[in-house]
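*Asks:* Encoded as C-alpha cells, here's the structure I'll be asking about.
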Amino acid sequence: MNKVLVFGASGSTGKQVVKTLLDRQIIVTAVVRNSVSFSKHVPDEANLVVLEADITNEPMSFYSNCIDENDAIVSCLGHNMTLAGVFGSPRLLVHDVMQNIVNTIKDTKPKALKKLILMSSAAVTNAHISEVPPLSERLVVSVLRTFVPPHLDNEKAAELLHCQATKNRSIEWVIVRPDALFDEKYESPFDVCDSPSRNSIFNSGKTSRINVANFMSKLVTDEALWHKWKGKMPVIYNKI
Ligand SMILES: NC(=O)c1ccc[n+]([C@@H]2O[C@H](COP(=O)([O-])OP(=O)(O)OC[C@H]3O[C@@H](n4cnc5c(N)ncnc54)[C@H](OP(=O)(O)O)[C@@H]3O)[C@@H](O)[C@H]2O)c1
C-alpha cells in the first residue's frame with residue numbers, strides 16, 4: 001500500500017492527512033480546488049502530486065484515472081462553514097463524491113483491492129450495530145437532518161458505504177468518526193471505540209485533527225489496524 005488519493009486535501013484535517021502520509025513515505029495525490037493556496041500550506045515534495053479539479057463537475061474518466069493509480073482513497077471532504085457552503089449546492093457533496101468513487105470501482109473492476117477511508121462524525125449513528133444515542137441527541141439530530149444539509153450528507157455517505165461498498169469485493173472501507181474537532185500541533189494520546197461513549201450534542205468529546213490524520217494514515221499503512229476496523233465506524237476521542 002504505497003499510493004493514496006486524498007479528497008478534501010486542502011481542508012484543516014485533509015492537510016494534516018497529506019503531511020502524515022508523506023511522513024510515512026506514501027506517494028500522495030492531493031485533490032484540491034486551488035493548488036496555489038494549497039501549496040502555501042503543504043510544501044512541494046517528490047512524493048506529492050497536486051491535482052486541481054472541480055470534483056463535483058469532473059467526468060467519470062477523471063475518477064477512473066485517479067482511482068486506478070491509487071491503492072487507497074481518503075475523503076476529508078466537508079461543507080465550508082459559510083451560508084453558501086452549508087445551504088448551497090452541492091448539498092450532498094460527500095455522498096456524491098463517494099458515489100462516484102464506488103461507481104468507478106464497480107465499473108472498472110480493479111484487480112487489486114481499494115481501501116476507502118471516509119471522515120464522518122460522531123453524530124452519525126451506526127444503525128448496523130444497533131447504536132441507540134440518548135433521546136436528547138436523537139431529537140436534535142432529527143432536526144439537524146431536516147434543516148442542516150451537511151449532517152444528512154454525512155449520514156448518506158456512511159449509508160452508501162454500508163450498503164453499496166460492502167457488496168463490492170474490490171472495496172474495503174472504514175468510516176472514521178471524530179467528535180468536536182480542534183487543532184493541536186502534535187499527536188497526543190487518543191481512544192478509538194466502536195461506538196460513541198458520549199452525547200455528541202450535549203456532552204461532546206474532543207478530537208484533534210492531527211490525531212484523526214494520524215489514525216487515518218495508520219489505517220493505510222498498518223494491516224493489523226486495518227483488519228481490526230474494516231467495515232466499521234470507529235469513534236475517536238482525545239484522552240483528557
Ligand atoms: N467541525 C467539527 O467539529 C466536526 C466534528 C466531527 C466531524 N466533522 C466532519 O469532518 C469533516 C472535515 O472537517 P474539517 O474541519 O477538516 O473540514 P474543512 O477544513 O472545512 O475542509 C473541508 C474540505 O472540503 C472541501 N470542499 C468543501 N466544499 C467543496 C466543494 N463544493 N467542492 C470540492 N471540495 C469542497 C474544502 O475545499 P476548499 O479548501 O477548497 O474549501 C476542504 O478541502 C467534515 O465532513 C465534517 O462534517 C466536523
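Naming works like this for the C-alpha cells: A, B, ... for the chains as they're shown, residue 1 at the start of each chain, ligands 1 onward in shown order.
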Could you pull out all residues of range 35-140 of chain A with a DSSP call of helix (DSSP H, G or I) and give them as a ChimeraX atom specification?
*Replies:* /A:35-41,60-68,83-87,93-108,127-129,135-140
*Asks:* Could I get the residue neighbourhood of ligand 1 at 7 Å, counting only C-alpha atoms and all ligand atoms, as an NGL selection string?
*Replies:* :A and (8-14 or 32-34 or 54-56 or 76-81 or 85 or 90 or 93 or 119-122 or 150-151 or 154 or 177-182)
*Asks:* Name all residues at most 7 Å from Ala213 in chain A (count only C-alpha atoms; drop same-chain ones fewer than 3 positions away) and give them as a list in words.
*Replies:*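 Selected residues are Thr13, Gln16, Val17, Thr20, Arg209, Ile210, Met216 and Ser217 of chain A.
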*Asks:* Could you name the residues that touch range 127-140 of chain A at 9 Å or less, counting only C-alpha atoms, but leaving out those on the same chain fewer than 2 positions away, as a compact mmCIF listing (two decimals) with all heavy atoms, in the first residue's frame?
*Replies:*
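See part_17.txt below for the written result:
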```
# COMPACT_ATOMS: atom_id res chain seq x y z
N ALA A 123 -21.67 12.25 15.42
CA ALA A 123 -23.13 12.45 15.42
C ALA A 123 -23.83 11.56 14.39
O ALA A 123 -25.06 11.52 14.34
CB ALA A 123 -23.46 13.91 15.15
N THR A 125 -24.91 8.03 13.40
CA THR A 125 -25.12 6.77 14.12
C THR A 125 -24.85 5.57 13.21
O THR A 125 -25.17 5.60 12.03
CB THR A 125 -26.59 6.71 14.60
OG1 THR A 125 -26.79 7.81 15.49
CG2 THR A 125 -26.92 5.43 15.33
N SER A 142 -32.43 14.75 14.67
CA SER A 142 -33.53 14.67 13.68
C SER A 142 -33.84 16.07 13.13
O SER A 142 -34.21 16.21 11.96
CB SER A 142 -34.77 14.01 14.28
OG SER A 142 -35.30 14.84 15.26
N VAL A 143 -33.64 17.10 13.94
CA VAL A 143 -33.82 18.47 13.44
C VAL A 143 -32.68 18.81 12.48
O VAL A 143 -32.90 19.35 11.39
CB VAL A 143 -33.87 19.48 14.63
CG1 VAL A 143 -33.93 20.91 14.10
CG2 VAL A 143 -35.06 19.19 15.52
N LEU A 144 -31.45 18.46 12.87
CA LEU A 144 -30.29 18.72 12.00
C LEU A 144 -30.47 18.04 10.64
O LEU A 144 -30.19 18.61 9.60
CB LEU A 144 -29.00 18.19 12.64
CG LEU A 144 -28.47 18.87 13.89
CD1 LEU A 144 -27.20 18.18 14.37
CD2 LEU A 144 -28.20 20.34 13.62
N ARG A 145 -30.96 16.79 10.71
CA ARG A 145 -31.13 16.01 9.48
C ARG A 145 -32.08 16.72 8.51
O ARG A 145 -31.89 16.70 7.31
CB ARG A 145 -31.71 14.64 9.86
CG ARG A 145 -31.81 13.67 8.71
CD ARG A 145 -32.32 12.33 9.21
NE ARG A 145 -31.42 11.70 10.14
CZ ARG A 145 -31.75 11.26 11.37
NH1 ARG A 145 -32.98 11.41 11.82
NH2 ARG A 145 -30.86 10.70 12.15
N HIS A 162 -21.94 1.45 3.70
CA HIS A 162 -22.53 0.25 4.30
C HIS A 162 -23.25 -0.60 3.26
O HIS A 162 -23.10 -1.81 3.22
CB HIS A 162 -23.53 0.64 5.40
CG HIS A 162 -22.91 0.68 6.76
ND1 HIS A 162 -22.50 -0.45 7.41
CD2 HIS A 162 -22.62 1.70 7.58
CE1 HIS A 162 -21.99 -0.14 8.58
NE2 HIS A 162 -22.04 1.17 8.71
N SER A 195 -18.29 2.61 19.25
CA SER A 195 -19.46 3.49 19.26
C SER A 195 -19.20 4.70 20.14
O SER A 195 -18.32 4.64 21.02
CB SER A 195 -20.67 2.75 19.83
OG SER A 195 -21.04 1.70 18.99
N PRO A 196 -19.96 5.79 19.95
CA PRO A 196 -19.74 6.96 20.82
C PRO A 196 -20.00 6.61 22.28
O PRO A 196 -20.92 5.85 22.59
CB PRO A 196 -20.80 7.96 20.32
CG PRO A 196 -21.13 7.53 18.94
CD PRO A 196 -20.98 6.04 18.92
N ARG A 198 -20.22 9.22 24.42
CA ARG A 198 -20.73 10.48 24.97
C ARG A 198 -21.90 10.96 24.11
O ARG A 198 -22.07 10.51 22.98
CB ARG A 198 -19.63 11.55 24.93
CG ARG A 198 -18.31 11.08 25.50
CD ARG A 198 -17.27 12.15 25.32
NE ARG A 198 -17.58 13.34 26.06
CZ ARG A 198 -16.89 13.77 27.09
NH1 ARG A 198 -15.84 13.13 27.52
NH2 ARG A 198 -17.24 14.88 27.71
N ASN A 199 -22.66 11.90 24.64
CA ASN A 199 -23.72 12.55 23.88
C ASN A 199 -23.05 13.57 22.96
O ASN A 199 -22.45 14.54 23.44
CB ASN A 199 -24.67 13.23 24.87
CG ASN A 199 -25.87 13.86 24.19
OD1 ASN A 199 -25.74 14.47 23.13
ND2 ASN A 199 -27.03 13.73 24.82
N SER A 200 -23.11 13.33 21.64
CA SER A 200 -22.32 14.17 20.73
C SER A 200 -22.87 15.59 20.60
O SER A 200 -22.21 16.46 20.04
CB SER A 200 -22.22 13.51 19.35
OG SER A 200 -23.46 13.53 18.73
N ILE A 201 -24.07 15.83 21.12
CA ILE A 201 -24.63 17.19 21.05
C ILE A 201 -24.44 17.92 22.37
O ILE A 201 -23.97 19.06 22.41
CB ILE A 201 -26.15 17.13 20.71
CG1 ILE A 201 -26.39 16.34 19.42
CG2 ILE A 201 -26.74 18.55 20.63
CD1 ILE A 201 -25.89 16.99 18.15
N PHE A 202 -24.81 17.28 23.49
CA PHE A 202 -24.84 17.99 24.78
C PHE A 202 -23.63 17.73 25.66
O PHE A 202 -23.45 18.39 26.67
CB PHE A 202 -26.14 17.63 25.53
CG PHE A 202 -27.35 18.14 24.82
CD1 PHE A 202 -28.17 17.28 24.11
CD2 PHE A 202 -27.65 19.50 24.82
CE1 PHE A 202 -29.28 17.76 23.44
CE2 PHE A 202 -28.76 19.99 24.14
CZ PHE A 202 -29.57 19.12 23.45
```
*Asks:* Within range 80-232 of chain A, find each residue whose DSSP state, derived from the backbone, is strand (DSSP E), and express the selection as a tab-separated table (two decimals) with N, CA and C atoms, in the first residue's frame.
*Replies:*
```tsv
chain	number	residue	atom	x	y	z
A	114	LYS	N	-9.22	-1.87	-3.23
A	114	LYS	CA	-9.12	-0.43	-2.91
A	114	LYS	C	-9.63	-0.22	-1.48
A	115	LYS	N	-8.83	0.48	-0.70
A	115	LYS	CA	-9.26	0.85	0.65
A	115	LYS	C	-9.90	2.23	0.60
A	116	LEU	N	-11.09	2.37	1.16
A	116	LEU	CA	-11.73	3.69	1.27
A	116	LEU	C	-11.78	4.10	2.74
A	117	ILE	N	-11.35	5.33	3.02
A	117	ILE	CA	-11.42	5.85	4.39
A	117	ILE	C	-12.20	7.15	4.33
A	118	LEU	N	-13.32	7.18	5.04
A	118	LEU	CA	-14.22	8.33	5.00
A	118	LEU	C	-14.22	9.04	6.34
A	119	MET	N	-13.96	10.35	6.33
A	119	MET	CA	-14.07	11.13	7.56
A	119	MET	C	-15.53	11.52	7.75
A	171	ILE	N	-13.68	-3.50	-2.78
A	171	ILE	CA	-13.63	-2.37	-1.84
A	171	ILE	C	-13.64	-2.87	-0.40
A	172	GLU	N	-12.77	-2.26	0.42
A	172	GLU	CA	-12.90	-2.36	1.87
A	172	GLU	C	-12.94	-0.93	2.39
A	173	TRP	N	-13.64	-0.70	3.48
A	173	TRP	CA	-13.81	0.68	3.93
A	173	TRP	C	-13.76	0.80	5.45
A	174	VAL	N	-13.40	2.00	5.90
A	174	VAL	CA	-13.51	2.38	7.32
A	174	VAL	C	-14.09	3.79	7.35
A	175	ILE	N	-15.07	4.01	8.22
A	175	ILE	CA	-15.63	5.35	8.40
A	175	ILE	C	-15.15	5.86	9.76
A	176	VAL	N	-14.34	6.91	9.75
A	176	VAL	CA	-13.75	7.43	10.99
A	176	VAL	C	-14.65	8.55	11.53
A	177	ARG	N	-15.04	8.41	12.82
A	177	ARG	CA	-15.97	9.38	13.40
A	177	ARG	C	-15.31	10.17	14.53
A	178	PRO	N	-14.82	11.38	14.24
A	178	PRO	CA	-14.33	12.24	15.32
A	178	PRO	C	-15.51	12.93	16.00
A	180	ALA	N	-16.09	16.65	18.51
A	180	ALA	CA	-15.82	18.07	18.20
A	180	ALA	C	-14.34	18.26	17.84
A	181	LEU	N	-14.09	18.75	16.65
A	181	LEU	CA	-12.71	18.86	16.16
A	181	LEU	C	-12.03	20.12	16.69
A	182	PHE	N	-10.74	20.01	16.94
A	182	PHE	CA	-9.94	21.20	17.26
A	182	PHE	C	-8.53	20.98	16.74
A	190	PHE	N	-4.96	9.12	22.28
A	190	PHE	CA	-6.39	9.12	21.96
A	190	PHE	C	-6.96	7.71	22.08
A	191	ASP	N	-8.30	7.67	22.25
A	191	ASP	CA	-9.01	6.39	22.33
A	191	ASP	C	-9.79	6.18	21.04
A	192	VAL	N	-9.89	4.93	20.63
A	192	VAL	CA	-10.72	4.59	19.47
A	192	VAL	C	-11.74	3.54	19.94
A	193	CYS	N	-13.04	3.84	19.74
A	193	CYS	CA	-14.08	2.93	20.23
A	193	CYS	C	-15.03	2.55	19.09
A	206	LYS	N	-13.72	15.71	22.63
A	206	LYS	CA	-12.88	16.50	21.72
A	206	LYS	C	-11.97	15.56	20.93
A	207	THR	N	-11.72	15.95	19.69
A	207	THR	CA	-10.83	15.15	18.85
A	207	THR	C	-9.94	16.11	18.07
A	208	SER	N	-8.63	15.98	18.23
A	208	SER	CA	-7.75	16.88	17.47
A	208	SER	C	-7.59	16.36	16.04
```
*Asks:* For CA of Leu5 in chain A and CA of Thr29 in chain A, quote the distance in Å rounded to one decimal.
*Replies:*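 These atoms are spaced 4.7 Å apart.
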*Asks:* So, counting only C-alpha atoms, which residue among A:Val36, A:Ile26, A:Ile240, A:Ala72 is closest to Leu113 in chain A?
*Replies:*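 Looking at the shortest contact to Leu113 in chain A, the residue is A:Ala72.
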*Asks:* Restricting the calculation to only C-alpha atoms: of A:Asn238, A:Ser170, A:Ser89, A:Asn203, which residue gets closest to Lys111 in chain A?
*Replies:*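 Using only C-alpha atoms, the shortest distance to Lys111 in chain A belongs to A:Ser170.
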